[in-house]
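Structure file start_26.txt; described as compact mmCIF, N, CA and C atoms.
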# COMPACT_ATOMS: atom_id res chain seq x y z
N MET A 839 79.38 194.44 221.78
CA MET A 839 79.25 192.99 221.87
C MET A 839 79.32 192.60 223.35
N SER A 840 78.47 191.68 223.77
CA SER A 840 78.51 191.24 225.16
C SER A 840 79.59 190.19 225.34
N ASP A 841 80.01 189.99 226.59
CA ASP A 841 81.04 188.98 226.86
C ASP A 841 80.65 187.61 226.31
N ALA A 842 79.37 187.23 226.45
CA ALA A 842 78.92 185.91 226.00
C ALA A 842 79.00 185.79 224.48
N SER A 843 78.58 186.80 223.74
CA SER A 843 78.65 186.70 222.28
C SER A 843 80.10 186.82 221.81
N TYR A 844 80.92 187.58 222.51
CA TYR A 844 82.34 187.66 222.18
C TYR A 844 83.00 186.31 222.43
N LYS A 845 82.65 185.67 223.53
CA LYS A 845 83.17 184.33 223.83
C LYS A 845 82.84 183.37 222.70
N ASP A 846 81.59 183.40 222.23
CA ASP A 846 81.18 182.53 221.13
C ASP A 846 82.01 182.82 219.87
N TYR A 847 82.26 184.09 219.61
CA TYR A 847 83.07 184.49 218.46
C TYR A 847 84.49 183.93 218.59
N VAL A 848 85.09 184.09 219.78
CA VAL A 848 86.46 183.61 220.01
C VAL A 848 86.51 182.10 219.83
N LEU A 849 85.56 181.38 220.41
CA LEU A 849 85.55 179.92 220.28
C LEU A 849 85.37 179.49 218.83
N ASP A 850 84.59 180.25 218.08
CA ASP A 850 84.43 179.95 216.65
C ASP A 850 85.75 180.16 215.92
N GLN A 851 86.47 181.21 216.28
CA GLN A 851 87.77 181.47 215.66
C GLN A 851 88.79 180.39 216.02
N LEU A 852 88.62 179.77 217.19
CA LEU A 852 89.55 178.74 217.66
C LEU A 852 89.10 177.32 217.32
N LYS A 853 88.10 177.20 216.45
CA LYS A 853 87.54 175.87 216.18
C LYS A 853 88.54 174.91 215.54
N GLN A 854 89.64 175.41 214.99
CA GLN A 854 90.68 174.54 214.41
C GLN A 854 91.43 173.75 215.47
N MET A 855 91.34 174.20 216.72
CA MET A 855 92.02 173.51 217.83
C MET A 855 91.03 172.59 218.53
N SER A 856 91.39 171.34 218.69
CA SER A 856 90.48 170.43 219.38
C SER A 856 90.59 170.63 220.89
N GLY A 857 89.51 170.32 221.57
CA GLY A 857 89.51 170.37 223.03
C GLY A 857 89.46 171.75 223.64
N VAL A 858 89.08 172.77 222.88
CA VAL A 858 89.04 174.14 223.41
C VAL A 858 87.63 174.49 223.85
N GLY A 859 87.53 175.09 225.02
CA GLY A 859 86.24 175.51 225.55
C GLY A 859 86.43 176.70 226.47
N ALA A 860 85.34 177.18 227.02
CA ALA A 860 85.38 178.35 227.90
C ALA A 860 84.57 178.07 229.16
N ARG A 861 85.01 178.66 230.26
CA ARG A 861 84.29 178.57 231.53
C ARG A 861 84.17 179.97 232.11
N ALA A 862 82.99 180.26 232.63
CA ALA A 862 82.75 181.56 233.25
C ALA A 862 83.64 181.70 234.49
N MET A 863 84.20 182.90 234.64
CA MET A 863 85.01 183.19 235.83
C MET A 863 85.15 184.69 236.04
N PHE A 864 84.91 185.16 237.23
CA PHE A 864 85.16 186.55 237.62
C PHE A 864 84.61 187.58 236.64
N GLY A 865 83.44 187.37 236.12
CA GLY A 865 82.83 188.32 235.20
C GLY A 865 83.31 188.19 233.77
N GLY A 866 84.15 187.23 233.48
CA GLY A 866 84.65 186.97 232.13
C GLY A 866 84.65 185.48 231.87
N PHE A 867 85.62 185.02 231.09
CA PHE A 867 85.71 183.60 230.77
C PHE A 867 87.17 183.18 230.72
N GLY A 868 87.44 181.97 231.20
CA GLY A 868 88.73 181.34 230.99
C GLY A 868 88.65 180.51 229.73
N ILE A 869 89.71 180.50 228.93
CA ILE A 869 89.77 179.70 227.72
C ILE A 869 90.70 178.52 228.02
N TYR A 870 90.17 177.32 227.83
CA TYR A 870 90.88 176.09 228.21
C TYR A 870 91.06 175.17 227.01
N LYS A 871 92.13 174.40 227.07
CA LYS A 871 92.34 173.27 226.16
C LYS A 871 92.72 172.10 227.04
N SER A 872 91.94 171.05 226.94
CA SER A 872 92.20 169.82 227.70
C SER A 872 92.41 170.12 229.19
N GLY A 873 91.60 171.00 229.74
CA GLY A 873 91.65 171.31 231.16
C GLY A 873 92.70 172.30 231.60
N THR A 874 93.47 172.84 230.67
CA THR A 874 94.52 173.81 231.01
C THR A 874 94.14 175.19 230.47
N MET A 875 94.09 176.17 231.37
CA MET A 875 93.72 177.52 230.98
C MET A 875 94.91 178.20 230.30
N PHE A 876 94.68 178.67 229.07
CA PHE A 876 95.75 179.36 228.32
C PHE A 876 95.31 180.73 227.85
N GLY A 877 94.06 181.10 228.11
CA GLY A 877 93.57 182.41 227.70
C GLY A 877 92.45 182.87 228.60
N LEU A 878 92.10 184.13 228.45
CA LEU A 878 90.95 184.65 229.18
C LEU A 878 90.30 185.76 228.38
N ILE A 879 89.00 185.91 228.65
CA ILE A 879 88.23 186.98 228.03
C ILE A 879 87.76 187.89 229.16
N ALA A 880 88.05 189.17 229.02
CA ALA A 880 87.61 190.17 229.99
C ALA A 880 87.26 191.43 229.21
N GLY A 881 86.07 191.94 229.44
CA GLY A 881 85.66 193.18 228.79
C GLY A 881 85.72 193.11 227.28
N ASP A 882 85.27 192.00 226.71
CA ASP A 882 85.28 191.81 225.25
C ASP A 882 86.67 191.93 224.64
N GLU A 883 87.67 191.45 225.36
CA GLU A 883 89.03 191.38 224.84
C GLU A 883 89.60 190.01 225.18
N LEU A 884 90.39 189.46 224.26
CA LEU A 884 91.00 188.16 224.43
C LEU A 884 92.46 188.33 224.84
N TYR A 885 92.87 187.56 225.84
CA TYR A 885 94.24 187.58 226.34
C TYR A 885 94.77 186.15 226.32
N PHE A 886 96.05 185.99 225.97
CA PHE A 886 96.71 184.69 225.99
C PHE A 886 97.83 184.68 227.02
N LYS A 887 98.11 183.49 227.54
CA LYS A 887 99.20 183.28 228.51
C LYS A 887 100.54 183.56 227.83
N VAL A 888 101.42 184.27 228.55
CA VAL A 888 102.68 184.74 227.97
C VAL A 888 103.83 184.44 228.94
N ASP A 889 104.97 184.08 228.36
CA ASP A 889 106.23 184.02 229.10
C ASP A 889 107.32 184.53 228.15
N ASP A 890 108.57 184.30 228.49
CA ASP A 890 109.67 184.81 227.66
C ASP A 890 109.68 184.22 226.25
N SER A 891 109.07 183.05 226.07
CA SER A 891 109.10 182.41 224.75
C SER A 891 108.18 183.08 223.73
N ASN A 892 107.07 183.66 224.17
CA ASN A 892 106.15 184.27 223.20
C ASN A 892 105.89 185.76 223.45
N ARG A 893 106.44 186.32 224.50
CA ARG A 893 106.25 187.75 224.78
C ARG A 893 106.72 188.64 223.63
N PRO A 894 107.84 188.33 222.95
CA PRO A 894 108.25 189.18 221.83
C PRO A 894 107.19 189.31 220.73
N ASP A 895 106.40 188.27 220.50
CA ASP A 895 105.32 188.35 219.50
C ASP A 895 104.32 189.44 219.88
N PHE A 896 103.99 189.49 221.17
CA PHE A 896 103.02 190.48 221.66
C PHE A 896 103.63 191.88 221.67
N GLU A 897 104.87 191.97 222.11
CA GLU A 897 105.54 193.27 222.16
C GLU A 897 105.69 193.86 220.76
N ALA A 898 105.99 193.01 219.78
CA ALA A 898 106.15 193.49 218.40
C ALA A 898 104.87 194.10 217.86
N ARG A 899 103.73 193.65 218.37
CA ARG A 899 102.42 194.17 217.94
C ARG A 899 101.89 195.24 218.89
N LYS A 900 102.73 195.67 219.82
CA LYS A 900 102.37 196.72 220.78
C LYS A 900 101.19 196.30 221.68
N ALA A 901 101.07 194.99 221.92
CA ALA A 901 100.02 194.48 222.80
C ALA A 901 100.38 194.79 224.25
N LYS A 902 99.39 194.78 225.10
CA LYS A 902 99.58 195.12 226.51
C LYS A 902 99.11 193.96 227.39
N PRO A 903 99.68 193.87 228.60
CA PRO A 903 99.27 192.81 229.52
C PRO A 903 97.90 193.10 230.14
N PHE A 904 97.27 192.04 230.60
CA PHE A 904 96.01 192.17 231.34
C PHE A 904 96.33 192.72 232.72
N VAL A 905 95.64 193.78 233.09
CA VAL A 905 95.84 194.42 234.39
C VAL A 905 94.49 194.56 235.06
N TYR A 906 94.44 194.20 236.34
CA TYR A 906 93.20 194.42 237.09
C TYR A 906 93.53 195.14 238.38
N GLN A 907 92.49 195.77 238.93
CA GLN A 907 92.68 196.52 240.16
C GLN A 907 91.48 196.30 241.06
N SER A 908 91.74 195.82 242.25
CA SER A 908 90.69 195.68 243.26
C SER A 908 90.52 197.03 243.94
N ALA A 909 89.36 197.25 244.50
CA ALA A 909 89.08 198.52 245.16
C ALA A 909 90.13 198.83 246.22
N GLY A 910 90.71 200.02 246.12
CA GLY A 910 91.68 200.48 247.10
C GLY A 910 93.05 199.82 247.02
N ARG A 911 93.31 199.08 245.97
CA ARG A 911 94.61 198.41 245.84
C ARG A 911 95.33 198.85 244.58
N LYS A 912 96.61 198.52 244.50
CA LYS A 912 97.41 198.85 243.33
C LYS A 912 97.02 197.93 242.16
N PRO A 913 97.17 198.41 240.92
CA PRO A 913 96.92 197.55 239.76
C PRO A 913 97.88 196.36 239.74
N VAL A 914 97.37 195.21 239.32
CA VAL A 914 98.17 193.99 239.25
C VAL A 914 98.22 193.54 237.79
N SER A 915 99.43 193.34 237.28
CA SER A 915 99.62 192.85 235.93
C SER A 915 99.77 191.33 235.97
N MET A 916 99.15 190.66 235.03
CA MET A 916 99.20 189.20 234.99
C MET A 916 100.00 188.73 233.78
N SER A 917 100.24 187.44 233.71
CA SER A 917 101.02 186.88 232.60
C SER A 917 100.12 186.55 231.40
N TYR A 918 99.09 187.35 231.20
CA TYR A 918 98.21 187.25 230.03
C TYR A 918 98.28 188.57 229.29
N TRP A 919 98.45 188.50 227.97
CA TRP A 919 98.55 189.71 227.16
C TRP A 919 97.44 189.71 226.12
N ARG A 920 96.98 190.91 225.77
CA ARG A 920 95.89 191.08 224.81
C ARG A 920 96.31 190.60 223.42
N VAL A 921 95.44 189.80 222.82
CA VAL A 921 95.67 189.31 221.46
C VAL A 921 95.28 190.43 220.48
N PRO A 922 96.18 190.84 219.62
CA PRO A 922 95.86 191.91 218.65
C PRO A 922 94.69 191.50 217.74
N ASP A 923 93.88 192.49 217.37
CA ASP A 923 92.70 192.23 216.55
C ASP A 923 93.04 191.53 215.24
N GLU A 924 94.15 191.93 214.60
CA GLU A 924 94.50 191.31 213.31
C GLU A 924 94.83 189.83 213.47
N ILE A 925 95.31 189.43 214.64
CA ILE A 925 95.59 188.01 214.90
C ILE A 925 94.28 187.28 215.15
N LEU A 926 93.40 187.88 215.92
CA LEU A 926 92.10 187.27 216.23
C LEU A 926 91.29 187.02 214.96
N GLU A 927 91.43 187.88 213.99
CA GLU A 927 90.64 187.76 212.76
C GLU A 927 91.24 186.78 211.75
N ASP A 928 92.45 186.32 211.98
CA ASP A 928 93.11 185.38 211.08
C ASP A 928 93.18 184.01 211.77
N GLY A 929 92.28 183.11 211.41
CA GLY A 929 92.17 181.82 212.08
C GLY A 929 93.46 181.03 212.16
N ASP A 930 94.24 180.99 211.08
CA ASP A 930 95.49 180.24 211.08
C ASP A 930 96.52 180.87 212.02
N GLU A 931 96.65 182.18 211.96
CA GLU A 931 97.59 182.88 212.82
C GLU A 931 97.15 182.78 214.29
N LEU A 932 95.84 182.87 214.52
CA LEU A 932 95.31 182.76 215.88
C LEU A 932 95.64 181.38 216.46
N LYS A 933 95.50 180.34 215.65
CA LYS A 933 95.81 179.00 216.13
C LYS A 933 97.28 178.91 216.53
N THR A 934 98.17 179.49 215.75
CA THR A 934 99.60 179.49 216.07
C THR A 934 99.84 180.18 217.41
N TRP A 935 99.26 181.35 217.59
CA TRP A 935 99.43 182.08 218.85
C TRP A 935 98.81 181.32 220.01
N ALA A 936 97.66 180.72 219.79
CA ALA A 936 96.96 179.97 220.84
C ALA A 936 97.78 178.75 221.27
N MET A 937 98.37 178.05 220.31
CA MET A 937 99.17 176.87 220.65
C MET A 937 100.42 177.27 221.44
N LYS A 938 101.00 178.42 221.10
CA LYS A 938 102.14 178.90 221.89
C LYS A 938 101.69 179.21 223.32
N ALA A 939 100.54 179.85 223.46
CA ALA A 939 100.02 180.19 224.79
C ALA A 939 99.70 178.92 225.57
N TYR A 940 99.16 177.92 224.89
CA TYR A 940 98.86 176.64 225.54
C TYR A 940 100.15 175.99 226.03
N ASP A 941 101.20 176.02 225.21
CA ASP A 941 102.50 175.47 225.62
C ASP A 941 103.04 176.20 226.85
N VAL A 942 102.88 177.52 226.87
CA VAL A 942 103.31 178.32 228.03
C VAL A 942 102.54 177.88 229.28
N ALA A 943 101.24 177.70 229.13
CA ALA A 943 100.40 177.30 230.26
C ALA A 943 100.79 175.91 230.77
N LEU A 944 101.09 174.99 229.86
CA LEU A 944 101.54 173.65 230.27
C LEU A 944 102.86 173.71 231.03
N LYS A 945 103.79 174.54 230.54
CA LYS A 945 105.09 174.70 231.22
C LYS A 945 104.88 175.25 232.63
N ALA A 946 104.02 176.24 232.75
CA ALA A 946 103.76 176.86 234.05
C ALA A 946 103.11 175.87 235.00
N LYS A 947 102.22 175.06 234.47
CA LYS A 947 101.54 174.06 235.29
C LYS A 947 102.54 173.02 235.81
N LYS A 948 103.44 172.57 234.94
CA LYS A 948 104.46 171.60 235.35
C LYS A 948 105.40 172.20 236.38
N ALA A 949 105.79 173.45 236.15
CA ALA A 949 106.74 174.11 237.05
C ALA A 949 106.14 174.31 238.44
N SER A 950 104.84 174.53 238.50
CA SER A 950 104.20 174.75 239.80
C SER A 950 103.88 173.45 240.51
N GLY A 951 103.99 172.34 239.78
CA GLY A 951 103.67 171.05 240.38
C GLY A 951 102.18 170.86 240.59
N ALA A 952 101.38 171.64 239.87
CA ALA A 952 99.93 171.55 240.02
C ALA A 952 99.45 170.17 239.62
N LYS A 953 98.59 169.62 240.44
CA LYS A 953 98.00 168.33 240.14
C LYS A 953 96.60 168.57 239.57
N PRO A 954 96.18 167.74 238.62
CA PRO A 954 94.84 167.92 238.09
C PRO A 954 93.80 167.70 239.17
N LYS A 955 92.74 168.49 239.11
CA LYS A 955 91.66 168.34 240.09
C LYS A 955 90.91 167.05 239.79
N PRO A 956 90.56 166.31 240.84
CA PRO A 956 89.79 165.09 240.59
C PRO A 956 88.41 165.46 240.09
N ARG A 957 87.95 164.69 239.13
CA ARG A 957 86.61 164.95 238.59
C ARG A 957 85.57 164.35 239.51
N ARG A 958 84.51 165.09 239.72
CA ARG A 958 83.40 164.58 240.52
C ARG A 958 82.54 163.68 239.65
N ALA A 959 81.96 162.69 240.25
CA ALA A 959 81.05 161.82 239.53
C ALA A 959 79.80 162.60 239.16
N PRO A 960 79.21 162.34 237.99
CA PRO A 960 77.96 163.01 237.63
C PRO A 960 76.91 162.76 238.70
N ARG A 961 75.99 163.69 238.83
CA ARG A 961 74.97 163.61 239.88
C ARG A 961 74.11 162.34 239.79
N ASN A 962 73.93 161.82 238.61
CA ASN A 962 73.06 160.66 238.47
C ASN A 962 73.80 159.34 238.75
N MET A 963 75.09 159.43 239.04
CA MET A 963 75.87 158.23 239.35
C MET A 963 75.75 157.94 240.84
N PRO A 964 75.53 156.68 241.20
CA PRO A 964 75.47 156.36 242.63
C PRO A 964 76.84 156.55 243.27
N ARG A 965 76.84 157.03 244.47
CA ARG A 965 78.08 157.23 245.20
C ARG A 965 78.45 155.95 245.94
N PRO A 966 79.73 155.72 246.13
CA PRO A 966 80.13 154.54 246.88
C PRO A 966 79.67 154.67 248.32
N PRO A 967 79.38 153.55 248.98
CA PRO A 967 78.92 153.64 250.38
C PRO A 967 80.02 154.19 251.28
N ARG A 968 79.60 154.89 252.30
CA ARG A 968 80.55 155.46 253.26
C ARG A 968 81.05 154.38 254.22
N ARG A 969 82.30 154.49 254.53
CA ARG A 969 82.87 153.58 255.51
C ARG A 969 82.63 154.13 256.89
N ARG A 970 82.35 153.24 257.82
CA ARG A 970 82.10 153.69 259.19
C ARG A 970 83.12 153.16 260.12

Would you mind writing the file's structure down as structure tokens?
Amino acid sequence: MSDASYKDYVLDQLKQMSGVGARAMFGGFGIYKSGTMFGLIAGDELYFKVDDSNRPDFEARKAKPFVYQSAGRKPVSMSYWRVPDEILEDGDELKTWAMKAYDVALKAKKASGAKPKPRRAPRNMPRPPRRR
């Protein structure tokens, strides 16, 4: 399965959650709800954001964290863990796990003090005149 068709499959599985979408990034996709990234797709695998509140769910299923390695550097583990296949295939259970990951992402966003990025006006909208 290609990343794009896998992304479509994941989004179909997450259709019970409103406001969920995907954006291309670094050869994969970020999974967002209402502008907050709570998951990612890399190499046809789905990963959700994890902290101490939901890590035991992943550990109990023997899931592993997302790890990447740049050329000539040490592997880096991130706070995203692979969603087990049996969870991905169960829409209700997947929604539960996804909502937990979304809550983790919101907590992390608040803790970092991240401000939402300002939205750019659509291209067909006139821009305000420049001040001189």

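With distances restricted to only C-alpha atoms, A:Phe867 is the closest residue to A:Asp882 from A:Phe867, A:Phe896, A:Trp935, A:Tyr940.
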
Determine, counting all atoms listed in the file, which protein, DNA and RNA residues have an atom within 7 Å of an atom of A:Ile869; residues of the same chain fewer than 2 positions away are not included. Present the result as a short mmCIF file (atom, residue, chain, number, x, y, z; two decimals) with N, CA and C atoms, in the frame of the given file.
data_model
loop_
_atom_site.label_atom_id
_atom_site.label_comp_id
_atom_site.auth_asym_id
_atom_site.auth_seq_id
_atom_site.Cartn_x
_atom_site.Cartn_y
_atom_site.Cartn_z
N VAL A 858 89.08 172.77 222.88
CA VAL A 858 89.04 174.14 223.41
C VAL A 858 87.63 174.49 223.85
N GLY A 859 87.53 175.09 225.02
CA GLY A 859 86.24 175.51 225.55
C GLY A 859 86.43 176.70 226.47
N ALA A 860 85.34 177.18 227.02
CA ALA A 860 85.38 178.35 227.90
C ALA A 860 84.57 178.07 229.16
N ARG A 861 85.01 178.66 230.26
CA ARG A 861 84.29 178.57 231.53
C ARG A 861 84.17 179.97 232.11
N PHE A 867 85.62 185.02 231.09
CA PHE A 867 85.71 183.60 230.77
C PHE A 867 87.17 183.18 230.72
N LYS A 871 92.13 174.40 227.07
CA LYS A 871 92.34 173.27 226.16
C LYS A 871 92.72 172.10 227.04
N THR A 874 93.47 172.84 230.67
CA THR A 874 94.52 173.81 231.01
C THR A 874 94.14 175.19 230.47
N MET A 875 94.09 176.17 231.37
CA MET A 875 93.72 177.52 230.98
C MET A 875 94.91 178.20 230.30
N PHE A 876 94.68 178.67 229.07
CA PHE A 876 95.75 179.36 228.32
C PHE A 876 95.31 180.73 227.85
N GLY A 877 94.06 181.10 228.11
CA GLY A 877 93.57 182.41 227.70
C GLY A 877 92.45 182.87 228.60
N LEU A 878 92.10 184.13 228.45
CA LEU A 878 90.95 184.65 229.18
C LEU A 878 90.30 185.76 228.38
N ILE A 879 89.00 185.91 228.65
CA ILE A 879 88.23 186.98 228.03
C ILE A 879 87.76 187.89 229.16
#

Atom CA of A:Phe886 and atom CA of A:Ala862, how far apart in Å?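 Atom CA of A:Phe886 lies 16.0 Å from atom CA of A:Ala862.
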
Need the shell around stretch 849-853 of chain A: protein/DNA/RNA residues with any atom at most 8 Å away, counting only N, CA and C atoms. Skip same-chain ones fewer than 2 positions apart. Format as a PyMOL selection string? chain A and resi 843-847+855-860+926-930+932-933

From the set A:Leu944, A:Val888, A:Arg920, A:Ile925, which residue has the shortest atom-to-atom contact distance to A:Lys902, counting all atoms listed in the file? A:Arg920

Which of chain A DSSP labels strand (DSSP E or B), written as a ChimeraX atom specification: /A:858-863,866-871,874-880,883-887,903-906,914-920

Padding of 5 Å on every side, edges along x, y and z, all listed atoms of stretch 877-894 of chain A included: what centre and edge lengths in Å, to one decimal, does that box have, as AutoDock Vina command-line options?
--center_x 97.5 --center_y 187.1 --center_z 225.4 --size_x 34.4 --size_y 22.1 --size_z 19.3

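From atom CA of A:Met937 back to atom CA of A:Lys900, the distance works out to 20.1 Å.
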
Please report the interatomic distance between atom CA of A:Ala880 and atom CA of A:Val905 in Å with one decimal.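 Taking atom CA of A:Ala880 and atom CA of A:Val905, their separation equals 10.3 Å.
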
Hey, which of A:Tyr885, A:Phe904, A:Gly951, A:Glu924 ends up closest to A:Ala939? Count only C-alpha atoms. A:Tyr885

Across A:Gly873, A:Gly866, A:Asp895, A:Ser917, the smallest distance to A:Ala946, with only C-alpha atoms counted, is shown by A:Ser917

Point out the residue among A:Glu883, A:Gln854, A:Met916, A:Val921 with the least atom-to-atom distance to A:Ala842, counting only C-alpha atoms.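 For A:Ala842, the nearest of the given residues is A:Glu883.
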